[in-house]
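This is target.txt. It holds compact mmCIF, C-alpha atoms.
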# COMPACT_ATOMS: atom_id res chain seq x y z
CA MET A 921 8.01 8.63 -54.62
CA SER A 922 6.70 7.50 -57.99
CA LYS A 923 3.18 8.11 -59.24
CA ARG A 924 0.81 5.41 -58.19
CA GLU A 925 -2.15 3.94 -59.97
CA PHE A 926 -4.20 3.14 -56.86
CA ILE A 927 -4.98 5.16 -53.76
CA THR A 928 -4.45 2.18 -51.50
CA PRO A 929 -1.49 -0.08 -52.10
CA ILE A 930 -2.13 -3.36 -53.86
CA GLY A 931 0.61 -5.78 -53.13
CA GLU A 932 1.02 -7.54 -56.45
CA GLU A 933 4.33 -5.83 -57.09
CA GLY A 934 5.92 -4.74 -53.86
CA ILE A 935 4.77 -7.55 -51.65
CA TYR A 936 5.95 -7.59 -48.06
CA ILE A 937 7.48 -10.98 -47.30
CA LEU A 938 9.35 -12.14 -44.23
CA ASP A 939 11.56 -15.22 -44.12
CA THR A 940 9.48 -16.96 -41.48
CA ALA A 941 11.14 -20.31 -42.20
CA SER A 942 14.15 -19.06 -40.24
CA TRP A 943 12.01 -19.01 -37.06
CA ARG A 944 11.53 -22.74 -37.16
CA ALA A 945 12.95 -24.72 -34.24
CA ALA A 946 11.39 -28.02 -35.33
CA ARG A 947 10.14 -29.11 -38.72
CA PRO A 948 7.04 -31.19 -39.35
CA VAL A 949 7.74 -34.35 -41.34
CA MET A 950 4.90 -36.32 -42.90
CA ASN A 951 4.93 -40.07 -42.58
CA LYS A 952 3.15 -41.18 -45.73
CA ASP A 953 2.75 -44.75 -44.44
CA LYS A 954 0.35 -43.53 -41.76
CA CYS A 955 -1.20 -40.63 -43.70
CA ILE A 956 -4.76 -41.20 -44.88
CA GLU A 957 -4.82 -37.98 -46.98
CA CYS A 958 -7.75 -36.51 -45.05
CA GLY A 959 -6.56 -32.90 -45.32
CA ILE A 960 -7.14 -31.87 -41.70
CA CYS A 961 -3.56 -30.53 -41.48
CA LEU A 962 -4.16 -28.33 -44.52
CA THR A 963 -7.28 -26.76 -43.04
CA MET A 964 -5.62 -26.00 -39.70
CA CYS A 965 -2.23 -24.67 -40.86
CA PRO A 966 -2.08 -20.93 -40.04
CA VAL A 967 0.67 -20.27 -42.61
CA ASN A 968 -0.84 -22.25 -45.51
CA ALA A 969 2.40 -24.23 -45.61
CA ILE A 970 0.56 -27.47 -46.36
CA LEU A 971 -0.41 -27.76 -49.99
CA ARG A 972 -2.30 -30.20 -52.15
CA GLU A 973 -1.33 -31.53 -55.52
CA GLY A 974 -3.94 -33.31 -57.59
CA PRO A 975 -7.12 -34.53 -55.95
CA LYS A 976 -5.55 -36.17 -52.87
CA LYS A 977 -1.87 -35.61 -52.33
CA TYR A 978 -0.89 -33.47 -49.39
CA PHE A 979 2.64 -32.30 -48.75
CA ILE A 980 4.42 -29.75 -46.55
CA SER A 981 6.25 -26.81 -48.05
CA TYR A 982 9.10 -25.62 -45.83
CA ASP A 983 9.49 -22.23 -47.53
CA TYR A 984 7.56 -20.31 -44.86
CA CYS A 985 6.59 -22.95 -42.27
CA LYS A 986 7.09 -21.46 -38.79
CA GLY A 987 7.15 -24.86 -37.10
CA CYS A 988 4.25 -24.20 -34.74
CA GLY A 989 3.35 -27.89 -34.58
CA ILE A 990 -0.42 -27.53 -35.02
CA CYS A 991 -0.43 -30.04 -37.91
CA ALA A 992 1.40 -32.68 -35.85
CA TYR A 993 -0.90 -32.15 -32.87
CA GLU A 994 -4.12 -32.18 -34.88
CA CYS A 995 -3.33 -35.10 -37.20
CA PRO A 996 -5.92 -37.80 -36.45
CA LYS A 997 -3.45 -40.58 -37.35
CA LYS A 998 -0.37 -38.95 -35.76
CA ALA A 999 1.31 -39.15 -39.15
CA ILE A 1000 3.31 -35.93 -38.72
CA ASP A 1001 6.40 -35.82 -36.49
CA MET A 1002 8.19 -32.70 -35.32
CA VAL A 1003 11.91 -33.13 -36.01
CA LYS A 1004 14.40 -30.77 -34.40
CA GLU A 1005 16.06 -28.41 -36.87
CA GLY A 1006 19.84 -28.62 -37.19
CA GLY A 1007 19.92 -31.93 -35.36
CA GLU A 1008 21.26 -35.20 -36.64
CA MET B 1216 -17.21 -28.72 -53.21
CA SER B 1217 -16.17 -29.56 -49.70
CA TYR B 1218 -14.60 -27.02 -47.39
CA ILE B 1219 -11.21 -28.72 -47.78
CA ASP B 1220 -11.39 -28.15 -51.55
CA THR B 1221 -12.22 -24.48 -50.94
CA ILE B 1222 -9.14 -24.11 -48.77
CA ALA B 1223 -6.85 -26.22 -50.97
CA ASP B 1224 -7.79 -24.86 -54.38
CA ASN B 1225 -8.43 -21.15 -53.85
CA LYS B 1226 -5.54 -18.77 -54.26
CA ASP B 1227 -3.74 -17.57 -51.14
CA LEU B 1228 -4.15 -13.78 -51.14
CA VAL B 1229 -1.99 -13.14 -48.09
CA THR B 1230 1.78 -12.73 -48.12
CA PRO B 1231 3.44 -16.11 -47.49
CA GLY B 1232 5.63 -14.79 -44.71
CA MET B 1233 3.96 -12.49 -42.20
CA SER B 1234 5.20 -11.76 -38.71
CA ALA B 1235 2.30 -13.25 -36.73
CA CYS B 1236 3.43 -15.45 -33.83
CA HIS B 1237 3.67 -19.24 -33.98
CA GLY B 1238 0.21 -20.79 -33.86
CA CYS B 1239 -1.60 -17.46 -34.26
CA GLY B 1240 -5.38 -17.76 -34.54
CA GLY B 1241 -5.68 -14.36 -36.20
CA GLU B 1242 -3.38 -15.34 -39.05
CA LEU B 1243 -5.34 -18.56 -39.61
CA ILE B 1244 -8.64 -16.63 -39.68
CA LEU B 1245 -7.33 -13.96 -42.07
CA ARG B 1246 -6.03 -16.57 -44.51
CA ARG B 1247 -9.24 -18.61 -44.41
CA LEU B 1248 -11.37 -15.48 -44.75
CA LEU B 1249 -9.55 -14.35 -47.89
CA LYS B 1250 -9.51 -17.86 -49.34
CA VAL B 1251 -13.30 -17.80 -49.25
CA ALA B 1252 -13.77 -14.13 -50.18
CA GLY B 1253 -11.45 -14.35 -53.19
CA PRO B 1254 -9.66 -11.59 -55.10
CA ASN B 1255 -12.78 -9.48 -55.68
CA THR B 1256 -12.59 -8.01 -52.20
CA VAL B 1257 -11.82 -4.75 -50.44
CA ILE B 1258 -10.69 -5.22 -46.84
CA CYS B 1259 -10.31 -2.79 -43.95
CA ILE B 1260 -7.97 -3.69 -41.11
CA PRO B 1261 -7.60 -1.35 -38.12
CA PRO B 1262 -4.46 -1.27 -35.98
CA GLY B 1263 -4.04 -4.55 -34.14
CA CYS B 1264 -2.17 -7.78 -34.52
CA MET B 1265 -3.11 -8.37 -38.16
CA ALA B 1266 -2.19 -4.84 -39.21
CA GLY B 1267 1.02 -4.99 -37.20
CA ALA B 1268 2.03 -8.35 -38.64
CA GLY B 1269 2.82 -6.77 -41.99
CA VAL B 1270 -0.53 -7.23 -43.69
CA VAL B 1271 -1.05 -3.54 -44.36
CA GLY B 1272 2.60 -3.24 -45.25
CA TRP B 1273 5.17 -0.50 -45.00
CA SER B 1274 6.20 2.22 -47.46
CA PHE B 1275 4.11 0.99 -50.40
CA ASP B 1276 4.86 -2.65 -49.83
CA ASN B 1277 1.79 -4.61 -48.89
CA GLY B 1278 1.01 -7.93 -47.34
CA LEU B 1279 -2.18 -8.65 -49.26
CA LYS B 1280 -2.99 -9.10 -52.92
CA VAL B 1281 -6.29 -7.23 -52.55
CA PRO B 1282 -6.81 -3.53 -51.72
CA VAL B 1283 -6.41 -3.03 -47.98
CA HIS B 1284 -7.19 0.09 -45.97
CA ILE B 1285 -5.65 0.63 -42.58
CA THR B 1286 -8.31 2.57 -40.74
CA LEU B 1287 -8.12 4.14 -37.30
CA LEU B 1288 -8.77 1.99 -34.26
CA ASP B 1289 -12.23 3.47 -33.78
CA ASN B 1290 -13.67 4.06 -37.24
CA THR B 1291 -13.35 0.78 -39.14
CA ALA B 1292 -17.08 0.29 -39.71
CA ALA B 1293 -17.66 3.99 -40.47
CA PHE B 1294 -14.79 4.01 -42.96
CA LEU B 1295 -16.02 0.87 -44.69
CA SER B 1296 -19.55 2.32 -44.79
CA GLY B 1297 -18.22 5.09 -47.00
CA VAL B 1298 -16.28 2.67 -49.19
CA THR B 1299 -19.22 0.31 -49.60
CA ASN B 1300 -21.60 3.18 -50.38
CA ILE B 1301 -19.49 4.46 -53.27
CA TYR B 1302 -19.17 0.91 -54.63
CA GLN B 1303 -22.95 0.43 -54.43
CA ARG B 1304 -23.52 3.76 -56.18
CA GLN B 1305 -21.16 2.79 -59.00
CA GLY B 1306 -23.06 -0.47 -59.41
CA ARG B 1307 -20.15 -2.65 -58.30
CA THR B 1308 -22.28 -4.70 -55.95
CA ASP B 1309 -20.32 -7.90 -56.59
CA VAL B 1310 -17.29 -6.66 -54.64
CA ASN B 1311 -17.00 -8.20 -51.18
CA MET B 1312 -16.69 -5.52 -48.49
CA VAL B 1313 -14.90 -6.99 -45.52
CA ALA B 1314 -13.56 -5.59 -42.27
CA MET B 1315 -11.34 -7.64 -40.02
CA ALA B 1316 -10.73 -6.20 -36.58
CA GLY B 1317 -9.55 -7.44 -33.23
CA ASP B 1318 -11.73 -7.40 -30.16
CA GLY B 1319 -10.33 -4.07 -28.97
CA ALA B 1320 -11.15 -2.35 -32.25
CA THR B 1321 -14.59 -3.98 -32.21
CA ALA B 1322 -15.89 -4.09 -28.66
CA ASP B 1323 -14.10 -1.10 -27.12
CA CYS B 1324 -12.80 1.67 -29.35
CA GLY B 1325 -14.68 0.84 -32.53
CA PHE B 1326 -17.99 0.00 -30.95
CA GLN B 1327 -19.94 3.15 -31.71
CA SER B 1328 -19.05 3.11 -35.41
CA LEU B 1329 -19.79 -0.64 -35.56
CA SER B 1330 -23.15 -0.21 -33.84
CA GLY B 1331 -24.02 2.67 -36.18
CA ALA B 1332 -23.12 0.73 -39.31
CA ALA B 1333 -25.11 -2.29 -38.11
CA GLU B 1334 -28.13 -0.15 -37.38
CA ARG B 1335 -27.96 1.51 -40.81
CA GLY B 1336 -27.64 -1.91 -42.41
CA GLU B 1337 -24.52 -1.04 -44.40
CA LYS B 1338 -23.65 -3.76 -46.89
CA MET B 1339 -20.52 -5.30 -45.42
CA LEU B 1340 -19.14 -8.29 -43.54
CA TYR B 1341 -17.49 -7.32 -40.27
CA VAL B 1342 -15.25 -10.02 -38.82
CA CYS B 1343 -13.98 -9.77 -35.26
CA TYR B 1344 -11.17 -12.11 -34.22
CA ASP B 1345 -11.53 -12.29 -30.49
CA ASN B 1346 -8.29 -12.96 -28.62
CA GLU B 1347 -9.63 -11.38 -25.45
CA GLY B 1348 -7.24 -8.48 -25.10
CA TYR B 1349 -4.98 -5.95 -26.81
CA MET B 1350 -2.42 -8.53 -27.84
CA ASN B 1351 -0.47 -6.37 -30.27
CA THR B 1352 0.63 -4.01 -27.49
CA GLY B 1353 1.28 -6.62 -24.82
CA PHE B 1354 -2.05 -8.02 -23.59
CA GLN B 1355 -3.85 -5.15 -21.91
CA ARG B 1356 -7.38 -5.92 -20.75
CA SER B 1357 -10.25 -5.37 -23.17
CA SER B 1358 -13.97 -5.59 -22.59
CA THR B 1359 -14.04 -9.15 -23.99
CA THR B 1360 -11.36 -10.37 -21.54
CA ASN B 1361 -13.04 -12.85 -19.23
CA ARG B 1362 -13.15 -12.61 -15.48
CA GLY B 1363 -10.07 -13.86 -13.63
CA SER B 1364 -7.74 -13.47 -16.61
CA ARG B 1365 -4.26 -12.16 -15.91
CA THR B 1366 -3.43 -9.22 -18.20
CA SER B 1367 -0.73 -6.57 -18.05
CA THR B 1368 -3.23 -3.97 -16.79
CA THR B 1369 -4.99 -6.36 -14.38
CA PRO B 1370 -2.01 -8.15 -12.84
CA VAL B 1371 -2.48 -10.79 -10.20
CA GLY B 1372 -1.60 -9.55 -6.71
CA SER B 1373 -2.95 -8.84 -3.27
CA VAL B 1374 -5.44 -6.22 -4.54
CA ILE B 1375 -7.09 -7.93 -7.53
CA PRO B 1376 -7.00 -11.55 -8.73
CA GLY B 1377 -6.79 -10.78 -12.44
CA LYS B 1378 -9.63 -8.99 -14.19
CA PRO B 1379 -12.45 -8.46 -11.66
CA GLN B 1380 -15.30 -7.94 -14.17
CA HIS B 1381 -17.09 -10.32 -16.49
CA SER B 1382 -16.66 -9.88 -20.23
CA LYS B 1383 -19.01 -8.12 -22.59
CA ASN B 1384 -20.82 -10.62 -24.79
CA LEU B 1385 -20.52 -8.90 -28.12
CA PRO B 1386 -22.19 -11.47 -30.44
CA TYR B 1387 -25.42 -11.14 -28.42
CA ILE B 1388 -25.22 -7.36 -28.55
CA MET B 1389 -24.72 -7.46 -32.33
CA ALA B 1390 -27.58 -9.93 -32.74
CA MET B 1391 -29.88 -7.32 -31.18
CA HIS B 1392 -29.06 -4.85 -33.99
CA ASN B 1393 -31.45 -6.54 -36.43
CA ALA B 1394 -28.46 -7.35 -38.61
CA GLU B 1395 -28.81 -9.56 -41.65
CA TYR B 1396 -26.52 -12.25 -40.30
CA VAL B 1397 -24.68 -12.65 -37.01
CA ALA B 1398 -22.64 -15.72 -36.08
CA THR B 1399 -19.84 -16.98 -33.88
CA ALA B 1400 -17.18 -19.38 -35.14
CA SER B 1401 -14.16 -21.25 -33.88
CA PRO B 1402 -11.16 -22.35 -35.99
CA ALA B 1403 -11.38 -25.86 -34.47
CA TYR B 1404 -14.71 -26.32 -36.28
CA MET B 1405 -13.34 -25.34 -39.66
CA LYS B 1406 -16.23 -26.63 -41.77
CA ASP B 1407 -18.67 -24.62 -39.69
CA MET B 1408 -16.41 -21.56 -39.89
CA ILE B 1409 -16.03 -21.70 -43.68
CA GLU B 1410 -19.80 -22.09 -44.08
CA LYS B 1411 -20.39 -19.09 -41.85
CA ILE B 1412 -17.93 -16.96 -43.80
CA GLU B 1413 -19.75 -17.96 -47.02
CA LYS B 1414 -23.14 -17.14 -45.49
CA GLY B 1415 -21.81 -13.88 -44.10
CA LEU B 1416 -20.46 -12.81 -47.50
CA ALA B 1417 -23.79 -13.66 -49.13
CA ALA B 1418 -25.69 -11.74 -46.44
CA SER B 1419 -23.36 -8.74 -46.83
CA LYS B 1420 -24.87 -8.13 -50.28
CA ASN B 1421 -28.21 -7.36 -48.61
CA GLY B 1422 -27.20 -5.80 -45.33
CA PHE B 1423 -24.89 -5.92 -42.38
CA ALA B 1424 -23.25 -9.23 -41.47
CA TYR B 1425 -21.16 -9.83 -38.37
CA LEU B 1426 -18.89 -12.74 -37.51
CA HIS B 1427 -17.27 -13.21 -34.12
CA ILE B 1428 -14.41 -15.71 -34.31
CA PHE B 1429 -12.54 -17.18 -31.37
CA SER B 1430 -8.84 -16.57 -31.89
CA PRO B 1431 -6.35 -18.37 -29.64
CA CYS B 1432 -3.22 -16.36 -28.77
CA PRO B 1433 -0.29 -18.51 -27.59
CA THR B 1434 1.88 -15.49 -26.79
CA GLY B 1435 -0.68 -13.74 -24.61
CA TRP B 1436 -2.56 -16.66 -23.10
CA LEU B 1437 0.69 -18.54 -22.49
CA HIS B 1438 0.01 -21.93 -23.99
CA GLY B 1439 2.06 -23.90 -26.48
CA PRO B 1440 1.54 -22.94 -30.13
CA GLU B 1441 0.69 -26.53 -31.08
CA VAL B 1442 -2.40 -26.61 -28.82
CA SER B 1443 -3.98 -23.47 -30.36
CA ILE B 1444 -6.64 -25.41 -32.19
CA ASP B 1445 -7.16 -27.74 -29.24
CA VAL B 1446 -7.76 -24.72 -27.00
CA SER B 1447 -10.38 -23.34 -29.38
CA ARG B 1448 -12.04 -26.76 -29.52
CA LYS B 1449 -12.13 -27.05 -25.73
CA ALA B 1450 -13.56 -23.53 -25.51
CA VAL B 1451 -16.56 -24.74 -27.48
CA GLN B 1452 -16.81 -28.07 -25.65
CA SER B 1453 -16.84 -26.36 -22.26
CA ASP B 1454 -19.46 -23.79 -23.44
CA TYR B 1455 -16.94 -21.02 -22.77
CA PHE B 1456 -17.52 -19.98 -26.39
CA GLN B 1457 -20.80 -21.06 -27.94
CA LEU B 1458 -21.30 -21.53 -31.64
CA PHE B 1459 -24.55 -20.14 -32.97
CA GLU B 1460 -25.91 -18.06 -35.81
CA VAL B 1461 -28.72 -15.56 -36.14
CA ASP B 1462 -29.97 -15.58 -39.72
CA LYS B 1463 -32.50 -12.78 -40.28
CA GLY B 1464 -33.58 -12.95 -36.63
CA VAL B 1465 -33.77 -16.76 -36.43
CA TRP B 1466 -31.45 -18.16 -33.76
CA ARG B 1467 -29.81 -21.53 -34.25
CA GLN B 1468 -27.06 -23.41 -32.45
CA THR B 1469 -24.76 -24.71 -35.19
CA VAL B 1470 -22.56 -27.08 -33.19
CA ALA B 1471 -24.50 -29.02 -30.58
CA ASN B 1472 -22.41 -29.69 -27.52
CA LYS B 1473 -23.65 -33.10 -26.49
CA LYS B 1474 -20.83 -34.07 -24.15
CA PRO B 1475 -19.71 -30.89 -22.40
CA ILE B 1476 -16.35 -30.94 -20.63
CA THR B 1477 -15.65 -29.06 -17.41
CA LEU B 1478 -14.34 -25.52 -17.49
CA LYS B 1479 -11.21 -26.72 -15.65
CA GLU B 1480 -10.21 -28.84 -18.64
CA PHE B 1481 -10.33 -25.73 -20.81
CA VAL B 1482 -8.50 -23.34 -18.47
CA GLY B 1483 -5.89 -25.96 -17.53
CA PRO B 1484 -3.36 -25.30 -20.31
CA LEU B 1485 -3.88 -21.51 -20.21
CA LYS B 1486 -1.41 -19.84 -17.87
CA LYS B 1487 -3.42 -16.62 -17.93
CA TYR B 1488 -5.87 -18.49 -15.66
CA GLY B 1489 -3.04 -20.31 -13.83
CA HIS B 1490 -3.58 -18.48 -10.53
CA CYS B 1491 -7.36 -19.06 -10.44
CA SER B 1492 -8.82 -20.75 -7.40
CA ASP B 1493 -11.88 -23.01 -7.54
CA ALA B 1494 -14.02 -20.03 -6.45
CA ASP B 1495 -12.73 -17.94 -9.39
CA ILE B 1496 -13.55 -20.72 -11.82
CA ALA B 1497 -16.98 -21.15 -10.25
CA ALA B 1498 -17.65 -17.44 -10.76
CA LEU B 1499 -16.65 -17.76 -14.41
CA GLN B 1500 -18.81 -20.85 -14.74
CA GLU B 1501 -21.80 -18.92 -13.37
CA ASN B 1502 -21.45 -16.34 -16.13
CA ILE B 1503 -21.10 -19.06 -18.75
CA ASP B 1504 -24.24 -20.80 -17.47
CA ALA B 1505 -26.15 -17.52 -17.69
CA ARG B 1506 -25.05 -17.11 -21.31
CA LYS B 1507 -25.99 -20.66 -22.10
CA SER B 1508 -29.51 -20.31 -20.70
CA PHE B 1509 -29.90 -17.02 -22.59
CA LEU B 1510 -28.99 -18.79 -25.83
CA GLN B 1511 -31.42 -21.62 -25.08
CA LYS B 1512 -34.20 -19.08 -24.52
CA MET B 1513 -33.46 -17.32 -27.81
CA ILE B 1514 -33.42 -20.60 -29.75
CA GLY B 1515 -36.71 -21.40 -28.08
Rewrite the structure from the file as structure tokens, please.
Amino acid sequence: MSKREFITPIGEEGIYILDTASWRAARPVMNKDKCIECGICLTMCPVNAILREGPKKYFISYDYCKGCGICAYECPKKAIDMVKEGGE
Amino acid sequence: MSYIDTIADNKDLVTPGMSACHGCGGELILRRLLKVAGPNTVICIPPGCMAGAGVVGWSFDNGLKVPVHITLLDNTAAFLSGVTNIYQRQGRTDVNMVAMAGDGATADCGFQSLSGAAERGEKMLYVCYDNEGYMNTGFQRSSTTNRGSRTSTTPVGSVIPGKPQHSKNLPYIMAMHNAEYVATASPAYMKDMIEKIEKGLAASKNGFAYLHIFSPCPTGWLHGPEVSIDVSRKAVQSDYFQLFEVDKGVWRQTVANKKPITLKEFVGPLKKYGHCSDADIAALQENIDARKSFLQKMIG
């Protein structure tokens, strides 16, 4: 065990990360024709997998998305579809 | 700055991949809490779902980018009292002192240390995510589990129909501690929740602040992960979980429930209440009505 600077661990260096993307059975896909860029999906996502670029441009990052489907269910315009993983 | 900007622009201080279940309310609350609190924070997390999901880490790995202490199940508030006192003495009053505990570590095991810290007015924000049971170990009953709920220690059978007792209403108990700020929040009302976290952090600089947040648990309550937020919305709409705040002794309902829905609409998708008869639901409704009239009296 090496000497540590802090009494409690601070996870900047050895951060604990799981590949939660591998849990996903269905992936959320945004339909930008219907999307009104309101940002409700971003506020409700438990994994912070929905990000924003610029003032109003929301997109889904699949790096850690668990595919829970909250964004698709909560979208006021039903602009997110859940697409089965590994399907056609 | 709207609440969406707060969530979108602030840095995510939680590990991107943690082992909380699909649609976990606790994970959502932890991430939102740290988005608002920012990097200048010390957090205490007792054993429970959030500690078990990799947030406190293993063998010097860690799931957070801020200092995190894993306390014992029963001494979270006492532990953080010590931490906050040494920070106050060193003049580092700008650091946010936050505890985030489940309902077991708040209402059952950790209650005496929580009550003591609230009475002493220790400068901290204590957040309880209430999923109505010991979910991390397989949904045993806790004192915030509501009447009629199926749990692994109150199974449904010929002797008892789920949990026979009503739940303990912890936010009311905490409001009676003369704390600086006490509030309840639900993830379905995100704007309200973010505002309450901000108010709670501000109040924690002067005294004890307590937040009680409804946390849907798809794995324990047996509903689909996608309806998590919908369940927490219906909980508020059916008055099962009321949103209010007590700011320096002044009671206020923050989300007015103008068109209440029936309790049946809320318990419908939850299989933990799947066995309940109309009489069971009526008994639960009676308790909810009593809470509602108590809140109305306090608001005055």
Go through region 1365-1454 of chain B residue by residue and, counting all atoms listed in the file, keep those with an atom at most 9 Å from region 958-968 of chain A; for each kept residue give the shortest atom pair and its distance in Å to one decimal, ordered by chain and increasing number, as a tab-separated table.
residue	atom	partner	partner_atom	distance
B:Pro1402	CA	A:Met964	CA	7.6
B:Ala1403	CA	A:Met964	CA	7.8
B:Met1405	CA	A:Thr963	CA	7.1
B:Ile1444	CA	A:Met964	CA	7.6
* Residues of chain A no more than 9 Å from chain B, counting only C-alpha atoms: send them over as JSON, numbers by chain. => {"A": [926, 928, 929, 930, 931, 932, 933, 934, 935, 936, 937, 938, 939, 940, 941, 943, 958, 959, 960, 962, 963, 964, 965, 966, 967, 968, 969, 970, 971, 972, 973, 975, 983, 984, 985, 986, 987, 988, 989, 990, 991, 992, 993, 994]}
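If you measure from each of B:Met1312, B:Val1482, B:Glu1413, B:Gly1464 to Lys1250 (chain B) using all atoms listed in the file, the closest one turns out to be B:Glu1413.
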* From B:Ala1497, B:Met1408, B:Val1342, B:Arg1362, residue lying nearest Gly1377 (chain B) [only C-alpha atoms] -> B:Arg1362
* Asked: Can you list, as a ChimeraX atom specification, every protein, DNA or RNA residue that comes within 7 Å of Asp1289 (chain B) when you count all atoms listed in the file, leaving out same-chain residues fewer than 5 positions away?
  -> /B:1320,1324-1325
